[in-house]
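One file, structure-v7.cif, carrying mmCIF, C-alpha atoms:
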data_target
#
loop_
_atom_site.label_atom_id
_atom_site.label_comp_id
_atom_site.auth_asym_id
_atom_site.auth_seq_id
_atom_site.Cartn_x
_atom_site.Cartn_y
_atom_site.Cartn_z
CA MET G 121 234.95 100.55 190.02
CA SER G 122 236.24 104.11 189.91
CA ASP G 123 239.79 105.03 188.92
CA THR G 124 240.65 106.01 192.49
CA SER G 125 239.14 103.06 194.36
CA ASP G 126 242.52 101.38 194.72
CA GLY G 127 244.18 104.52 196.01
CA ILE G 128 246.19 105.28 192.82
CA PRO G 129 245.47 108.63 191.15
CA PRO G 130 244.45 108.44 187.49
CA THR G 131 247.54 110.43 186.47
CA ASP G 132 249.81 107.70 187.89
CA ARG G 133 248.27 104.92 185.85
CA PRO G 134 249.83 103.63 182.62
CA ALA G 135 247.90 104.69 179.54
CA ARG G 136 245.79 102.00 177.89
CA PRO G 137 246.66 101.09 174.31
CA SER G 138 244.52 102.74 171.67
CA GLY G 139 241.30 100.85 171.15
CA ALA G 140 241.50 98.98 174.45
CA GLY G 141 238.45 100.16 176.30
CA ALA G 142 237.71 99.55 179.93
CA GLY G 143 237.36 95.84 180.45
CA SER G 144 238.76 94.89 177.06
CA GLY G 145 241.83 93.24 178.60
CA GLN G 146 243.76 93.86 175.37
CA GLY G 147 246.53 95.85 177.03
CA SER G 148 247.65 93.17 179.48
CA HIS G 149 246.69 89.85 177.90
CA PRO G 150 246.63 90.19 174.11
CA GLY G 151 245.20 87.48 171.96
CA SER G 152 244.31 85.06 174.73
CA ALA G 153 240.94 86.14 176.10
CA THR G 154 238.20 88.69 175.64
CA GLY G 155 237.84 91.43 178.24
CA SER G 156 234.99 89.71 180.04
CA GLU G 157 236.79 86.35 179.99
CA LEU G 158 239.97 87.90 181.39
CA ILE G 159 238.12 89.71 184.16
CA GLY G 160 236.29 86.49 185.06
CA LEU G 161 239.59 84.60 185.11
CA ILE G 162 241.19 87.25 187.35
CA ALA G 163 238.18 87.20 189.68
CA ALA G 164 238.41 83.42 190.08
CA SER G 165 242.20 83.60 190.56
CA ILE G 166 242.02 86.20 193.32
CA ARG G 167 239.28 84.30 195.11
CA ARG G 168 241.14 80.99 194.78
CA GLU G 169 244.43 82.38 196.07
CA ARG G 170 242.77 84.23 198.95
CA GLU G 171 240.97 81.07 200.06
CA ARG G 172 244.19 79.07 199.69
CA THR G 173 245.99 81.40 202.08
CA GLY G 174 243.04 81.50 204.51
CA LEU G 175 242.86 85.29 204.43
CA SER G 176 239.58 87.09 204.95
CA MET G 177 238.53 89.63 202.35
CA ALA G 178 239.11 92.45 204.84
CA GLU G 179 242.62 91.23 205.71
CA LEU G 180 243.68 90.79 202.09
CA ALA G 181 242.36 94.25 201.22
CA ARG G 182 244.31 95.71 204.16
CA ARG G 183 247.56 94.01 203.14
CA ALA G 184 247.16 95.08 199.52
CA GLY G 185 246.24 98.64 200.46
CA ILE G 186 242.91 98.65 198.64
CA ALA G 187 239.33 99.09 199.79
CA LYS G 188 237.42 95.99 200.84
CA SER G 189 234.61 97.07 198.51
CA THR G 190 237.10 97.12 195.63
CA LEU G 191 238.26 93.60 196.44
CA SER G 192 234.66 92.44 196.69
CA GLN G 193 233.99 93.85 193.21
CA LEU G 194 237.08 92.16 191.81
CA GLU G 195 236.19 88.75 193.24
CA SER G 196 232.66 89.01 191.88
CA GLY G 197 233.95 89.86 188.41
CA ALA G 198 232.41 93.33 188.48
CA GLY G 199 235.67 95.27 188.68
CA ASN G 200 238.35 96.12 186.13
CA PRO G 201 241.64 95.98 188.07
CA SER G 202 244.66 98.05 187.14
CA VAL G 203 248.13 96.57 186.84
CA GLU G 204 249.04 98.29 190.11
CA THR G 205 246.12 96.69 191.94
CA LEU G 206 247.02 93.22 190.67
CA TRP G 207 250.67 93.67 191.64
CA ALA G 208 249.61 94.73 195.13
CA LEU G 209 247.34 91.70 195.45
CA GLY G 210 250.08 89.39 194.18
CA VAL G 211 252.49 90.71 196.81
CA ALA G 212 249.87 90.38 199.55
CA LEU G 213 249.10 86.80 198.46
CA ASP G 214 252.78 85.94 197.91
CA VAL G 215 252.17 84.78 194.33
CA PRO G 216 253.57 86.00 191.00
CA PHE G 217 251.57 88.54 189.02
CA SER G 218 251.15 85.92 186.29
CA ARG G 219 249.32 83.57 188.66
CA LEU G 220 246.46 86.06 188.86
CA VAL G 221 246.12 86.74 185.13
CA ASP G 222 247.18 83.36 183.72
CA PRO G 223 247.04 80.67 186.42
CA PRO G 224 248.90 77.40 185.80
CA ARG G 225 246.86 74.67 184.18
CA PRO G 226 246.67 71.40 186.08
CA VAL G 227 248.88 68.82 184.38
CA VAL G 228 247.92 65.16 184.68
CA ARG G 229 250.35 62.50 183.45
CA VAL G 230 249.42 58.82 183.27
CA VAL G 231 251.76 55.88 182.74
CA ARG G 232 249.94 52.58 182.29
CA ALA G 233 251.37 49.23 183.31
CA GLY G 234 253.93 48.15 180.74
CA GLU G 235 254.68 51.71 179.61
CA GLY G 236 257.69 53.91 180.32
CA PRO G 237 261.47 53.54 179.90
CA VAL G 238 262.66 50.25 181.41
CA THR G 239 266.16 49.17 182.44
CA HIS G 240 266.96 45.53 183.35
CA SER G 241 269.42 44.00 185.76
CA GLU G 242 272.13 41.65 184.49
CA ARG G 243 272.17 39.68 187.75
CA ALA G 244 268.52 39.24 188.68
CA ASP G 245 264.99 39.13 187.31
CA TYR G 246 264.58 42.81 188.05
CA ALA G 247 263.30 45.70 185.95
CA ALA G 248 263.14 49.38 186.89
CA THR G 249 260.73 51.72 185.12
CA LEU G 250 261.33 55.46 185.45
CA LEU G 251 257.95 57.05 186.14
CA ALA G 252 259.01 60.60 187.03
CA SER G 253 262.35 62.25 187.63
CA CYS G 254 262.76 64.56 190.62
CA PRO G 255 262.99 68.25 189.63
CA PRO G 256 265.70 70.45 191.17
CA ASN G 257 265.15 71.70 194.72
CA ALA G 258 262.20 69.36 195.31
CA ARG G 259 261.37 67.44 198.49
CA ARG G 260 259.38 64.22 198.49
CA ASP G 261 257.40 62.30 201.10
CA ILE G 262 256.45 58.69 200.35
CA TYR G 263 253.31 56.97 201.65
CA ARG G 264 251.90 53.47 201.32
CA ILE G 265 248.12 53.51 201.04
CA ASP G 266 245.86 50.61 202.07
CA ALA G 267 242.27 51.34 201.07
CA GLN G 268 238.92 49.60 200.82
CA PRO G 269 235.84 50.52 198.76
CA GLY G 270 233.52 53.00 200.43
CA GLU G 271 233.68 56.71 201.01
CA THR G 272 236.02 58.71 198.78
CA ARG G 273 239.10 60.20 200.44
CA ALA G 274 238.79 63.88 199.50
CA SER G 275 241.84 66.08 200.09
CA ASP G 276 241.95 69.86 200.31
CA PRO G 277 244.68 71.64 198.33
CA HIS G 278 248.17 71.33 199.80
CA MET G 279 250.81 74.06 199.61
CA THR G 280 251.37 75.76 196.26
CA GLY G 281 253.56 73.74 193.92
CA THR G 282 252.78 70.34 195.45
CA VAL G 283 252.60 67.44 192.99
CA GLU G 284 251.30 63.98 193.92
CA HIS G 285 252.47 60.77 192.26
CA VAL G 286 250.37 57.62 192.66
CA LEU G 287 251.49 54.10 191.71
CA LEU G 288 248.82 51.45 192.19
CA GLY G 289 250.14 48.11 193.41
CA ALA G 290 246.94 46.09 193.82
CA GLY G 291 243.20 46.50 193.38
CA ARG G 292 241.66 49.35 191.45
CA ALA G 293 241.17 53.01 192.33
CA LEU G 294 240.20 56.48 191.17
CA ALA G 295 242.87 59.09 191.86
CA GLY G 296 243.55 62.64 190.71
CA PRO G 297 241.86 66.04 190.53
CA THR G 298 238.37 66.01 192.03
CA GLU G 299 236.75 67.04 188.76
CA ALA G 300 238.50 64.41 186.63
CA PRO G 301 240.07 61.51 188.57
CA ILE G 302 241.83 58.75 186.64
CA GLU G 303 240.90 55.08 187.02
CA LEU G 304 243.99 53.03 187.82
CA GLY G 305 244.71 49.33 187.76
CA PRO G 306 247.70 47.41 189.15
CA GLY G 307 250.94 48.91 187.82
CA ASP G 308 249.31 52.13 186.61
CA TYR G 309 250.83 55.49 187.55
CA VAL G 310 249.41 59.03 187.58
CA SER G 311 250.77 62.41 188.65
CA TYR G 312 248.65 65.49 189.25
CA PRO G 313 248.71 68.86 191.05
CA GLY G 314 248.36 68.47 194.80
CA ASP G 315 247.54 72.16 195.25
CA VAL G 316 244.03 71.67 193.87
CA PRO G 317 241.24 69.55 195.42
CA HIS G 318 241.92 65.86 194.72
CA VAL G 319 240.60 62.42 195.62
CA PHE G 320 241.55 58.79 196.14
CA ARG G 321 238.82 56.17 196.08
CA ALA G 322 239.34 52.42 196.24
CA LEU G 323 237.17 50.49 193.79
CA GLU G 324 238.17 46.98 194.89
CA PRO G 325 238.95 45.38 198.27
CA GLY G 326 242.61 45.26 199.20
CA THR G 327 243.60 48.26 197.11
CA LEU G 328 247.25 49.13 197.70
CA ALA G 329 249.11 52.17 196.39
CA VAL G 330 252.24 54.18 196.89
CA ILE G 331 251.77 57.96 196.98
CA VAL G 332 254.70 60.33 196.70
CA MET G 333 254.09 63.96 197.65
CA GLU G 334 256.56 66.30 195.98
CA HIS G 335 257.08 69.77 197.47
CA ILE G 336 259.03 72.37 195.54
#
structure tokens encoding of this file:
Amino acid sequence: MSDTSDGIPPTDRPARPSGAGAGSGQGSHPGSATGSELIGLIAASIRRERERTGLSMAELARRAGIAKSTLSQLESGAGNPSVETLWALGVALDVPFSRLVDPPRPVVRVVRAGEGPVTHSERADYAATLLASCPPNARRDIYRIDAQPGETRASDPHMTGTVEHVLLGAGRALAGPTEAPIELGPGDYVSYPGDVPHVFRALEPGTLAVIVMEHI
């Protein structure tokens, strides 16, 4: 794309470091990706965040103050966005700049039955295992799930920052990110990002689970 396609004159742009050619990515993301890899990552990030917010390409371009053709180039990986363009897109999408150039990696944590820190009662046959502590300023909704084998329950991404916790009580199930769900047995626990596509599929009759949705 040309230097003026995002409405910022060339003289107002920060100078690139010596040796960082157009598309090299060395000036903004040193040591972590080649130019083509970084541009591809940015393209996927912009497209993902735009689809998450439900904005059309025309509306996002309008809010960011750039041409729709520029945004189309960026999402296809054909553009080389300036810092100013990425900041404008971040503001329009209500996400940090870093989320467009270095999106968070999904974190999956599994605790199998019999694992985890356990505390016992002195007065009863009772043991409590801490599976996950609640982070500051978080809100949680708790659900009991009764499921039978059959069609997979596929969920679209929830709001940004959502984390799901699943504790399987009975049966067997697959739960977690769509691309890599975890097989769980009775007593197994898994946590995973709820703001990416995810699934829950019962593998045995009478599958019972508790799902906690954590919103930050």
Closest of G:Ala208, G:Glu334, G:Ala164, G:Ser218 to G:Ser192 - atom-to-atom distances counting all atoms listed in the file: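 Ranking G:Ala208, G:Glu334, G:Ala164, G:Ser218 by distance to G:Ser192, first place goes to G:Ala164.
The nearest approach to G:Glu303 among the residues G:Val238, G:Val231, G:Ala184, G:Ala212, with all atoms listed in the file taken into account, belongs to G:Val231.
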What do you get, as a short mmCIF file (atom, residue, chain, number, x, y, z; two decimals) with C-alpha atoms, keeping the file's coordinate frame, if you spell out every residue that the PyMOL selection byres ((chain G and resi 299) around 10) selects here?
data_model
loop_
_atom_site.label_atom_id
_atom_site.label_comp_id
_atom_site.auth_asym_id
_atom_site.auth_seq_id
_atom_site.Cartn_x
_atom_site.Cartn_y
_atom_site.Cartn_z
CA GLY G 296 243.55 62.64 190.71
CA PRO G 297 241.86 66.04 190.53
CA THR G 298 238.37 66.01 192.03
CA ALA G 300 238.50 64.41 186.63
CA PRO G 301 240.07 61.51 188.57
CA ILE G 302 241.83 58.75 186.64
CA PRO G 317 241.24 69.55 195.42
CA HIS G 318 241.92 65.86 194.72
CA VAL G 319 240.60 62.42 195.62
#
Between G:Arg182, G:Gly281, G:Val228, G:Gly197, which has the minimum distance to G:Asn257 (counting all atoms listed in the file)?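 Counting all atoms listed in the file, the residue closest to G:Asn257 is G:Gly281.
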When you count only C-alpha atoms, which of these residues is closest to G:Met333: G:Pro201, G:Gly210, G:Gly289, G:Gly314? G:Gly314
Mind pulling up the distance from atom CA of G:Ala293 to atom CA of G:Glu271?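 Straight-line distance from atom CA of G:Glu271 to atom CA of G:Ala293 works out to 12.0 Å.
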Counting all atoms listed in the file, figure out which residue out of G:Leu180, G:Ala267, G:Leu323, G:Ala233 gets nearest to G:Pro306. G:Ala233
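Nearest to G:Arg232 of all the residues G:Leu251, G:Glu195, G:Leu206, G:Ala258 is G:Leu251, counting all atoms listed in the file.
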If the PyMOL selection byres ((chain G and resi 219) around 12) is run on the structure shown, which residues does it catch, given as a list of chain:residue names? G:Leu161, G:Ile162, G:Ala163, G:Ala164, G:Ser165, G:Ile166, G:Arg167, G:Arg168, G:Glu169, G:Leu206, G:Trp207, G:Leu209, G:Gly210, G:Val211, G:Leu213, G:Asp214, G:Val215, G:Pro216, G:Phe217, G:Ser218, G:Leu220, G:Val221, G:Asp222, G:Pro223, G:Pro224, G:Arg225, G:Thr280, G:Gly281
Residues at most 6 Å from G:Tyr312, counting all atoms listed in the file, excluding those fewer than 5 positions away in the same chain, as a PyMOL selection string? chain G and resi 227-228+283-284
Name all residues at most 9 Å from G:Thr272 (count all atoms listed in the file; drop same-chain ones fewer than 4 positions away) and give them as a VMD selection string. chain G and resid 294 319 to 322
With all heavy atoms as the goal, would you fill in the gaps in stretch 290-301 of chain G and present it as an mmCIF file, keeping the file's coordinate frame?
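The resulting file, out16.cif, is reproduced below:
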data_model
loop_
_atom_site.group_PDB
_atom_site.id
_atom_site.type_symbol
_atom_site.label_atom_id
_atom_site.label_comp_id
_atom_site.auth_asym_id
_atom_site.auth_seq_id
_atom_site.Cartn_x
_atom_site.Cartn_y
_atom_site.Cartn_z
ATOM 1 N N ALA G 290 247.956 47.151 193.858
ATOM 2 C CA ALA G 290 246.940 46.090 193.820
ATOM 3 C C ALA G 290 245.563 46.719 193.880
ATOM 4 O O ALA G 290 245.379 47.829 194.395
ATOM 5 C CB ALA G 290 247.139 45.126 194.991
ATOM 6 N N GLY G 291 244.572 46.002 193.354
ATOM 7 C CA GLY G 291 243.200 46.500 193.380
ATOM 8 C C GLY G 291 242.923 47.437 192.228
ATOM 9 O O GLY G 291 243.521 47.350 191.151
ATOM 10 N N ARG G 292 242.021 48.356 192.463
ATOM 11 C CA ARG G 292 241.660 49.350 191.450
ATOM 12 C C ARG G 292 241.197 50.591 192.189
ATOM 13 O O ARG G 292 240.603 50.507 193.263
ATOM 14 C CB ARG G 292 240.549 48.811 190.544
ATOM 15 C CG ARG G 292 240.270 49.669 189.317
ATOM 16 C CD ARG G 292 239.490 48.888 188.276
ATOM 17 N NE ARG G 292 240.315 47.821 187.695
ATOM 18 C CZ ARG G 292 241.151 47.999 186.683
ATOM 19 N NH1 ARG G 292 241.283 49.198 186.125
ATOM 20 N NH2 ARG G 292 241.852 46.996 186.212
ATOM 21 N N ALA G 293 241.493 51.772 191.615
ATOM 22 C CA ALA G 293 241.170 53.010 192.330
ATOM 23 C C ALA G 293 240.960 54.160 191.356
ATOM 24 O O ALA G 293 241.384 54.110 190.190
ATOM 25 C CB ALA G 293 242.289 53.362 193.302
ATOM 26 N N LEU G 294 240.288 55.196 191.852
ATOM 27 C CA LEU G 294 240.200 56.480 191.170
ATOM 28 C C LEU G 294 241.107 57.443 191.924
ATOM 29 O O LEU G 294 241.005 57.558 193.155
ATOM 30 C CB LEU G 294 238.769 57.013 191.171
ATOM 31 C CG LEU G 294 237.759 56.341 190.239
ATOM 32 C CD1 LEU G 294 236.359 56.896 190.496
ATOM 33 C CD2 LEU G 294 238.157 56.573 188.777
ATOM 34 N N ALA G 295 241.970 58.146 191.208
ATOM 35 C CA ALA G 295 242.870 59.090 191.860
ATOM 36 C C ALA G 295 243.131 60.260 190.921
ATOM 37 O O ALA G 295 243.230 60.091 189.701
ATOM 38 C CB ALA G 295 244.197 58.417 192.219
ATOM 39 N N GLY G 296 243.243 61.462 191.510
ATOM 40 C CA GLY G 296 243.550 62.640 190.710
ATOM 41 C C GLY G 296 242.689 63.817 191.083
ATOM 42 O O GLY G 296 242.026 63.810 192.132
ATOM 43 N N PRO G 297 242.673 64.856 190.251
ATOM 44 C CA PRO G 297 241.860 66.040 190.530
ATOM 45 C C PRO G 297 240.396 65.674 190.737
ATOM 46 O O PRO G 297 239.861 64.790 190.052
ATOM 47 C CB PRO G 297 242.041 66.890 189.261
ATOM 48 C CG PRO G 297 243.362 66.447 188.697
ATOM 49 C CD PRO G 297 243.443 64.980 189.004
ATOM 50 N N THR G 298 239.754 66.334 191.675
ATOM 51 C CA THR G 298 238.370 66.010 192.030
ATOM 52 C C THR G 298 237.450 65.995 190.822
ATOM 53 O O THR G 298 236.568 65.140 190.710
ATOM 54 C CB THR G 298 237.855 67.035 193.060
ATOM 55 O OG1 THR G 298 238.690 66.985 194.226
ATOM 56 C CG2 THR G 298 236.415 66.734 193.458
ATOM 57 N N GLU G 299 237.651 66.924 189.908
ATOM 58 C CA GLU G 299 236.750 67.040 188.760
ATOM 59 C C GLU G 299 237.006 65.988 187.686
ATOM 60 O O GLU G 299 236.131 65.739 186.861
ATOM 61 C CB GLU G 299 236.870 68.445 188.153
ATOM 62 C CG GLU G 299 236.422 69.559 189.097
ATOM 63 C CD GLU G 299 236.549 70.925 188.454
ATOM 64 O OE1 GLU G 299 237.069 70.992 187.330
ATOM 65 O OE2 GLU G 299 236.127 71.910 189.075
ATOM 66 N N ALA G 300 238.196 65.382 187.693
ATOM 67 C CA ALA G 300 238.500 64.410 186.630
ATOM 68 C C ALA G 300 239.509 63.377 187.122
ATOM 69 O O ALA G 300 240.629 63.293 186.608
ATOM 70 C CB ALA G 300 239.036 65.132 185.399
ATOM 71 N N PRO G 301 239.137 62.542 188.090
ATOM 72 C CA PRO G 301 240.070 61.510 188.570
ATOM 73 C C PRO G 301 240.295 60.445 187.508
ATOM 74 O O PRO G 301 239.461 60.231 186.627
ATOM 75 C CB PRO G 301 239.354 60.945 189.798
ATOM 76 C CG PRO G 301 237.904 61.197 189.540
ATOM 77 C CD PRO G 301 237.846 62.494 188.790
#
